[in-house]
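The data block below is input03.tsv; it holds TSV, C-alpha atoms.
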```tsv
chain	number	residue	atom	x	y	z
A	1	MET	CA	5.18	-12.06	19.74
A	2	GLY	CA	7.79	-9.33	19.90
A	3	LYS	CA	11.07	-8.96	18.08
A	4	GLY	CA	14.13	-11.03	17.33
A	5	LEU	CA	14.65	-14.61	16.23
A	6	PRO	CA	11.69	-16.19	18.10
A	7	ALA	CA	9.28	-13.69	16.55
A	8	ALA	CA	10.80	-14.17	13.09
A	9	MET	CA	10.48	-17.94	13.35
A	10	MET	CA	6.87	-17.69	14.51
A	11	MET	CA	5.98	-15.32	11.68
A	12	ALA	CA	7.64	-17.59	9.11
A	13	THR	CA	5.44	-20.41	10.38
A	14	VAL	CA	2.32	-18.23	10.24
A	15	ARG	CA	3.12	-17.14	6.68
A	16	ALA	CA	3.69	-20.74	5.62
A	17	ALA	CA	0.39	-21.82	7.19
A	18	LEU	CA	-1.50	-18.98	5.48
A	19	ARG	CA	0.09	-19.63	2.09
A	20	ALA	CA	-0.62	-23.35	2.26
A	21	SER	CA	-4.22	-22.93	3.38
A	22	ALA	CA	-4.91	-20.15	0.84
A	23	GLN	CA	-4.33	-22.65	-1.96
A	24	VAL	CA	-7.31	-24.77	-0.95
A	25	GLU	CA	-9.58	-22.61	1.18
A	26	ASP	CA	-11.53	-19.36	0.91
A	27	LEU	CA	-10.28	-16.30	2.78
A	28	GLU	CA	-12.00	-16.93	6.12
A	29	GLN	CA	-11.27	-20.65	6.15
A	30	SER	CA	-7.66	-19.95	5.23
A	31	VAL	CA	-7.16	-17.74	8.29
A	32	ARG	CA	-9.11	-20.14	10.51
A	33	LEU	CA	-6.96	-23.08	9.34
A	34	ALA	CA	-3.75	-21.12	9.93
A	35	ALA	CA	-5.03	-20.24	13.41
A	36	ARG	CA	-5.64	-23.93	14.16
A	37	VAL	CA	-2.15	-24.84	12.93
A	38	MET	CA	-0.64	-22.13	15.15
A	39	GLU	CA	-2.81	-22.79	18.22
A	40	ALA	CA	-0.40	-25.10	20.10
A	41	PRO	CA	2.83	-23.15	19.44
A	42	LEU	CA	1.16	-19.89	20.41
A	43	GLU	CA	-0.30	-21.38	23.58
A	44	VAL	CA	3.05	-22.88	24.62
A	45	ASN	CA	4.75	-19.52	24.10
A	46	GLN	CA	1.85	-17.58	25.66
A	47	ALA	CA	1.79	-15.50	22.51
A	48	PHE	CA	-0.48	-14.24	19.78
A	49	VAL	CA	0.15	-12.90	16.29
A	50	THR	CA	-1.51	-10.19	14.26
A	51	VAL	CA	-2.21	-10.83	10.61
A	52	PHE	CA	-3.48	-8.90	7.62
A	53	HIS	CA	-4.52	-11.33	4.88
A	54	ALA	CA	-6.22	-10.17	1.68
A	55	VAL	CA	-7.40	-11.31	-1.72
A	56	PHE	CA	-7.29	-8.80	-4.58
A	57	ASP	CA	-9.34	-9.19	-7.77
A	58	VAL	CA	-7.34	-7.45	-10.49
A	59	GLY	CA	-10.32	-7.30	-12.85
A	60	SER	CA	-12.79	-5.59	-10.52
A	61	GLY	CA	-10.43	-3.92	-8.04
A	62	ASP	CA	-12.26	-5.63	-5.18
A	63	VAL	CA	-10.24	-6.37	-2.05
A	64	HIS	CA	-11.53	-8.78	0.57
A	65	TYR	CA	-9.47	-8.89	3.74
A	66	ILE	CA	-9.21	-10.13	7.29
A	67	ASP	CA	-7.38	-7.93	9.75
A	68	ALA	CA	-6.68	-10.13	12.77
A	69	GLY	CA	-5.53	-7.46	15.20
A	70	HIS	CA	-2.96	-5.93	12.84
A	71	GLY	CA	-4.48	-2.50	12.31
A	72	HIS	CA	-1.86	-1.02	9.98
A	73	ALA	CA	-3.63	-1.03	6.62
A	74	ARG	CA	-4.50	2.08	4.68
A	75	ILE	CA	-5.72	2.88	1.22
A	76	LEU	CA	-4.11	5.82	-0.50
A	77	ARG	CA	-6.74	7.31	-2.79
A	78	GLY	CA	-4.81	9.02	-5.53
A	79	SER	CA	-2.14	11.34	-4.17
A	80	THR	CA	-4.17	13.25	-1.60
A	81	ALA	CA	-6.60	11.14	0.42
A	82	GLN	CA	-6.17	8.12	2.62
A	83	GLU	CA	-8.57	5.72	4.32
A	84	ASN	CA	-7.92	3.41	7.23
A	85	LEU	CA	-9.33	-0.10	6.99
A	86	LEU	CA	-11.15	-0.24	10.29
A	87	LEU	CA	-12.83	-3.66	10.32
A	88	ARG	CA	-10.83	-5.95	12.62
A	89	SER	CA	-10.96	-9.27	14.40
A	90	ALA	CA	-8.92	-10.42	17.40
A	91	PRO	CA	-5.31	-11.54	16.84
A	92	ILE	CA	-4.62	-15.21	16.15
A	93	GLY	CA	-4.03	-17.05	19.41
A	94	MET	CA	-5.67	-14.49	21.68
A	95	PHE	CA	-9.04	-16.25	21.99
A	96	PRO	CA	-9.69	-19.89	21.02
A	97	ASP	CA	-12.94	-19.38	19.11
A	98	THR	CA	-12.28	-16.08	17.36
A	99	GLU	CA	-14.61	-15.28	14.48
A	100	PHE	CA	-12.64	-13.68	11.66
A	101	THR	CA	-14.66	-10.94	9.98
A	102	ILE	CA	-14.15	-10.27	6.28
A	103	GLY	CA	-13.91	-6.64	5.23
A	104	SER	CA	-14.27	-5.41	1.67
A	105	THR	CA	-13.19	-2.37	-0.26
A	106	ASN	CA	-12.46	-1.44	-3.85
A	107	LEU	CA	-9.32	-0.02	-5.41
A	108	LYS	CA	-9.60	2.32	-8.38
A	109	PRO	CA	-6.77	3.08	-10.80
A	110	GLY	CA	-4.22	5.20	-8.93
A	111	ASP	CA	-5.16	3.81	-5.49
A	112	THR	CA	-2.67	1.95	-3.32
A	113	LEU	CA	-3.28	-0.57	-0.55
A	114	LEU	CA	-0.49	-0.01	1.97
A	115	VAL	CA	0.02	-2.49	4.80
A	116	PHE	CA	2.96	-1.97	7.12
A	117	SER	CA	4.36	-3.75	10.15
A	118	ASP	CA	4.65	-2.33	13.62
A	119	GLY	CA	8.40	-2.13	12.96
A	120	LEU	CA	7.66	1.08	11.07
A	121	LEU	CA	6.08	2.45	14.24
A	122	ASP	CA	9.45	2.11	15.97
A	123	LEU	CA	10.70	4.73	13.51
A	124	ARG	CA	7.46	6.73	13.23
A	125	PRO	CA	5.37	6.34	16.41
A	126	ASP	CA	3.01	9.06	15.18
A	127	LEU	CA	1.70	6.66	12.51
A	128	ALA	CA	0.06	4.59	15.27
A	129	ILE	CA	-2.49	7.40	15.47
A	130	LYS	CA	-4.99	6.44	12.80
A	131	ASP	CA	-5.85	10.01	11.77
A	132	VAL	CA	-2.25	10.97	11.00
A	133	LEU	CA	-1.72	11.36	7.28
A	134	LEU	CA	1.17	9.49	5.76
A	135	PRO	CA	3.94	11.79	4.53
A	136	ALA	CA	3.21	13.55	1.23
A	137	ASP	CA	6.04	11.77	-0.60
A	138	VAL	CA	4.49	8.42	0.33
A	139	ARG	CA	1.03	9.54	-0.81
A	140	ARG	CA	2.47	10.69	-4.16
A	141	ALA	CA	4.56	7.57	-4.80
A	142	ALA	CA	3.78	6.05	-8.19
A	143	THR	CA	5.46	2.69	-7.58
A	144	ALA	CA	6.08	0.30	-4.70
A	145	GLU	CA	9.78	1.16	-4.90
A	146	GLU	CA	9.01	4.85	-4.37
A	147	LEU	CA	6.89	4.00	-1.32
A	148	ILE	CA	9.91	2.50	0.36
```

Here is a file; write its structure as structure tokens.
Amino acid sequence: MGKGLPAAMMMATVRAALRASAQVEDLEQSVRLAARVMEAPLEVNQAFVTVFHAVFDVGSGDVHYIDAGHGHARILRGSTAQENLLLRSAPIGMFPDTEFTIGSTNLKPGDTLLVFSDGLLDLRPDLAIKDVLLPADVRRAATAEELI
């Protein structure tokens, strides 16, 4: 969708659709419902949106996610290793009958799921390369505040 006010308004609508549908639907149905809600506005604007939507089970550490074209999700394993979440579906609005694939992973104590927007890539284009390690201070961060 791009940048600026139109993109911000579209993303606010997408977030609202996801939040509303997540209250009554499972993960896949939630994203599918949000995609249906957004279908007409995206078509009119000849646009699509990328989304990372996840459910985290605090008790087990299980994470189930749908990455609809976003591609900027990594797991920091402790302070040294990182994994890219590679399972992706097409962005919302790109194809009318997109199947949204659910990926799964597990977080252990000390792990961090880090999802960032492409706005960060404006500052750090090297992070678009999936094999590039995040800076050491990010990998060692103990809190969300330290990550920022």

Checklist entry - How many Å lie between atom CA of Met38 of chain A and atom CA of Ala17 of chain A, rounded to one decimal? => result 8.0 Å

Item to check | Shell of 9 Å around Ala54 of chain A, all atoms listed in the file, local chain residues under 2 positions omitted, as a PyMOL selection string | outcome: chain A and resi 27+52+56+63-67

Checklist outcome for this item: Separating atom CA of Leu18 of chain A from atom CA of Thr98 of chain A, to the nearest tenth of an Å, is a gap of 16.3 Å

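Nearest to Thr13 of chain A of all the residues A:Asp97, A:Arg32, A:Val55, A:Leu42 is A:Leu42, counting all atoms listed in the file.
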
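Candidate residues A:Phe116, A:Arg15, A:Ala20, A:Pro96 were compared for distance to Arg36 of chain A, and the nearest is A:Pro96, using only C-alpha atoms.
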
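Interatomic distance, atom CA of Leu86 of chain A to atom CA of Glu43 of chain A: 27.2 Å.
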
Checklist entry - Can you list, as an NGL selection string, every protein, DNA or RNA residue that comes within 6 Å of Ile75 of chain A when you count all atoms listed in the file, leaving out same-chain residues fewer than 3 positions away? => result :A and (82-83 or 112-113)

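Using all atoms listed in the file, the smallest distance between any of A:Ala7, A:Ala144, A:Val58, A:Val51 and Leu107 of chain A comes from A:Val58.
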
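Around the point (-2.5, 10.0, -7.5), within 6 Å and counting only C-alpha atoms, we find these residues: Gly78, Ser79 and Gly110 of chain A.
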
Could you take the residues named above and write them with C-alpha atoms, as a short mmCIF file (atom, residue, chain, number, x, y, z; two decimals), in the frame of the given file?
```cif
data_model
loop_
_atom_site.label_atom_id
_atom_site.label_comp_id
_atom_site.auth_asym_id
_atom_site.auth_seq_id
_atom_site.Cartn_x
_atom_site.Cartn_y
_atom_site.Cartn_z
CA GLY A 78 -4.81 9.02 -5.53
CA SER A 79 -2.14 11.34 -4.17
CA GLY A 110 -4.22 5.20 -8.93
#
```

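Among the candidates A:Leu123, A:Ala40, A:Val31, A:Leu5, the residue lying nearest to His53 of chain A is A:Val31 (atoms considered: only C-alpha atoms).
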
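The shortest atom-to-atom distance to Val44 of chain A, with all atoms listed in the file taken into account, belongs to A:Gly93 out of A:Gly69, A:Gly59, A:Gly93, A:Gly103.
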
Completion step: segment 73-101 of chain A with N, CA and C atoms as a PDB file, in the frame of the given file:
```
ATOM      1  N   ALA A  73      -3.307  -0.959   8.047  1.00  0.00           N
ATOM      2  CA  ALA A  73      -3.630  -1.030   6.620  1.00  0.00           C
ATOM      3  C   ALA A  73      -4.364   0.246   6.229  1.00  0.00           C
ATOM      4  N   ARG A  74      -3.890   0.848   5.162  1.00  0.00           N
ATOM      5  CA  ARG A  74      -4.500   2.080   4.680  1.00  0.00           C
ATOM      6  C   ARG A  74      -4.609   2.025   3.165  1.00  0.00           C
ATOM      7  N   ILE A  75      -5.601   2.717   2.666  1.00  0.00           N
ATOM      8  CA  ILE A  75      -5.720   2.880   1.220  1.00  0.00           C
ATOM      9  C   ILE A  75      -5.386   4.323   0.902  1.00  0.00           C
ATOM     10  N   LEU A  76      -4.451   4.493   0.001  1.00  0.00           N
ATOM     11  CA  LEU A  76      -4.110   5.820  -0.500  1.00  0.00           C
ATOM     12  C   LEU A  76      -4.958   6.034  -1.743  1.00  0.00           C
ATOM     13  N   ARG A  77      -5.852   6.994  -1.678  1.00  0.00           N
ATOM     14  CA  ARG A  77      -6.740   7.310  -2.790  1.00  0.00           C
ATOM     15  C   ARG A  77      -6.101   8.421  -3.612  1.00  0.00           C
ATOM     16  N   GLY A  78      -5.531   8.040  -4.740  1.00  0.00           N
ATOM     17  CA  GLY A  78      -4.810   9.020  -5.530  1.00  0.00           C
ATOM     18  C   GLY A  78      -3.613   9.516  -4.739  1.00  0.00           C
ATOM     19  N   SER A  79      -3.317  10.804  -4.857  1.00  0.00           N
ATOM     20  CA  SER A  79      -2.140  11.340  -4.170  1.00  0.00           C
ATOM     21  C   SER A  79      -2.506  12.217  -2.982  1.00  0.00           C
ATOM     22  N   THR A  80      -3.799  12.312  -2.659  1.00  0.00           N
ATOM     23  CA  THR A  80      -4.170  13.250  -1.600  1.00  0.00           C
ATOM     24  C   THR A  80      -4.909  12.628  -0.419  1.00  0.00           C
ATOM     25  N   ALA A  81      -5.758  11.669  -0.658  1.00  0.00           N
ATOM     26  CA  ALA A  81      -6.600  11.140   0.420  1.00  0.00           C
ATOM     27  C   ALA A  81      -6.115   9.778   0.888  1.00  0.00           C
ATOM     28  N   GLN A  82      -6.454   9.458   2.117  1.00  0.00           N
ATOM     29  CA  GLN A  82      -6.170   8.120   2.620  1.00  0.00           C
ATOM     30  C   GLN A  82      -7.320   7.659   3.494  1.00  0.00           C
ATOM     31  N   GLU A  83      -7.539   6.348   3.494  1.00  0.00           N
ATOM     32  CA  GLU A  83      -8.570   5.720   4.320  1.00  0.00           C
ATOM     33  C   GLU A  83      -7.914   4.640   5.160  1.00  0.00           C
ATOM     34  N   ASN A  84      -8.351   4.517   6.378  1.00  0.00           N
ATOM     35  CA  ASN A  84      -7.920   3.410   7.230  1.00  0.00           C
ATOM     36  C   ASN A  84      -8.930   2.277   7.082  1.00  0.00           C
ATOM     37  N   LEU A  85      -8.436   1.061   6.984  1.00  0.00           N
ATOM     38  CA  LEU A  85      -9.330  -0.100   6.990  1.00  0.00           C
ATOM     39  C   LEU A  85      -9.606  -0.428   8.448  1.00  0.00           C
ATOM     40  N   LEU A  86     -10.828  -0.215   8.858  1.00  0.00           N
ATOM     41  CA  LEU A  86     -11.150  -0.240  10.290  1.00  0.00           C
ATOM     42  C   LEU A  86     -11.717  -1.567  10.786  1.00  0.00           C
ATOM     43  N   LEU A  87     -12.205  -2.411   9.896  1.00  0.00           N
ATOM     44  CA  LEU A  87     -12.830  -3.660  10.320  1.00  0.00           C
ATOM     45  C   LEU A  87     -11.769  -4.648  10.781  1.00  0.00           C
ATOM     46  N   ARG A  88     -11.845  -5.067  12.062  1.00  0.00           N
ATOM     47  CA  ARG A  88     -10.830  -5.950  12.620  1.00  0.00           C
ATOM     48  C   ARG A  88     -11.441  -7.076  13.436  1.00  0.00           C
ATOM     49  N   SER A  89     -10.669  -8.148  13.512  1.00  0.00           N
ATOM     50  CA  SER A  89     -10.960  -9.270  14.400  1.00  0.00           C
ATOM     51  C   SER A  89      -9.832  -9.347  15.427  1.00  0.00           C
ATOM     52  N   ALA A  90      -9.971 -10.232  16.389  1.00  0.00           N
ATOM     53  CA  ALA A  90      -8.920 -10.420  17.400  1.00  0.00           C
ATOM     54  C   ALA A  90      -7.697 -11.082  16.761  1.00  0.00           C
ATOM     55  N   PRO A  91      -6.517 -10.863  17.333  1.00  0.00           N
ATOM     56  CA  PRO A  91      -5.310 -11.540  16.840  1.00  0.00           C
ATOM     57  C   PRO A  91      -5.424 -13.059  16.948  1.00  0.00           C
ATOM     58  N   ILE A  92      -4.674 -13.747  16.107  1.00  0.00           N
ATOM     59  CA  ILE A  92      -4.620 -15.210  16.150  1.00  0.00           C
ATOM     60  C   ILE A  92      -3.938 -15.632  17.448  1.00  0.00           C
ATOM     61  N   GLY A  93      -4.586 -16.530  18.173  1.00  0.00           N
ATOM     62  CA  GLY A  93      -4.030 -17.050  19.410  1.00  0.00           C
ATOM     63  C   GLY A  93      -4.494 -16.321  20.662  1.00  0.00           C
ATOM     64  N   MET A  94      -5.223 -15.222  20.505  1.00  0.00           N
ATOM     65  CA  MET A  94      -5.670 -14.490  21.680  1.00  0.00           C
ATOM     66  C   MET A  94      -6.881 -15.160  22.327  1.00  0.00           C
ATOM     67  N   PHE A  95      -7.839 -15.577  21.503  1.00  0.00           N
ATOM     68  CA  PHE A  95      -9.040 -16.250  21.990  1.00  0.00           C
ATOM     69  C   PHE A  95      -9.250 -17.510  21.153  1.00  0.00           C
ATOM     70  N   PRO A  96      -9.615 -18.621  21.761  1.00  0.00           N
ATOM     71  CA  PRO A  96      -9.690 -19.890  21.020  1.00  0.00           C
ATOM     72  C   PRO A  96     -10.748 -19.935  19.924  1.00  0.00           C
ATOM     73  N   ASP A  97     -11.858 -19.272  20.094  1.00  0.00           N
ATOM     74  CA  ASP A  97     -12.940 -19.380  19.110  1.00  0.00           C
ATOM     75  C   ASP A  97     -13.199 -18.059  18.390  1.00  0.00           C
ATOM     76  N   THR A  98     -12.149 -17.367  18.035  1.00  0.00           N
ATOM     77  CA  THR A  98     -12.280 -16.080  17.360  1.00  0.00           C
ATOM     78  C   THR A  98     -13.009 -16.242  16.027  1.00  0.00           C
ATOM     79  N   GLU A  99     -13.961 -15.370  15.788  1.00  0.00           N
ATOM     80  CA  GLU A  99     -14.610 -15.280  14.480  1.00  0.00           C
ATOM     81  C   GLU A  99     -13.844 -14.232  13.676  1.00  0.00           C
ATOM     82  N   PHE A 100     -13.393 -14.605  12.502  1.00  0.00           N
ATOM     83  CA  PHE A 100     -12.640 -13.680  11.660  1.00  0.00           C
ATOM     84  C   PHE A 100     -13.595 -13.020  10.671  1.00  0.00           C
ATOM     85  N   THR A 101     -13.731 -11.714  10.789  1.00  0.00           N
ATOM     86  CA  THR A 101     -14.660 -10.940   9.980  1.00  0.00           C
ATOM     87  C   THR A 101     -13.985 -10.495   8.688  1.00  0.00           C
TER      88      THR A 101
END
```
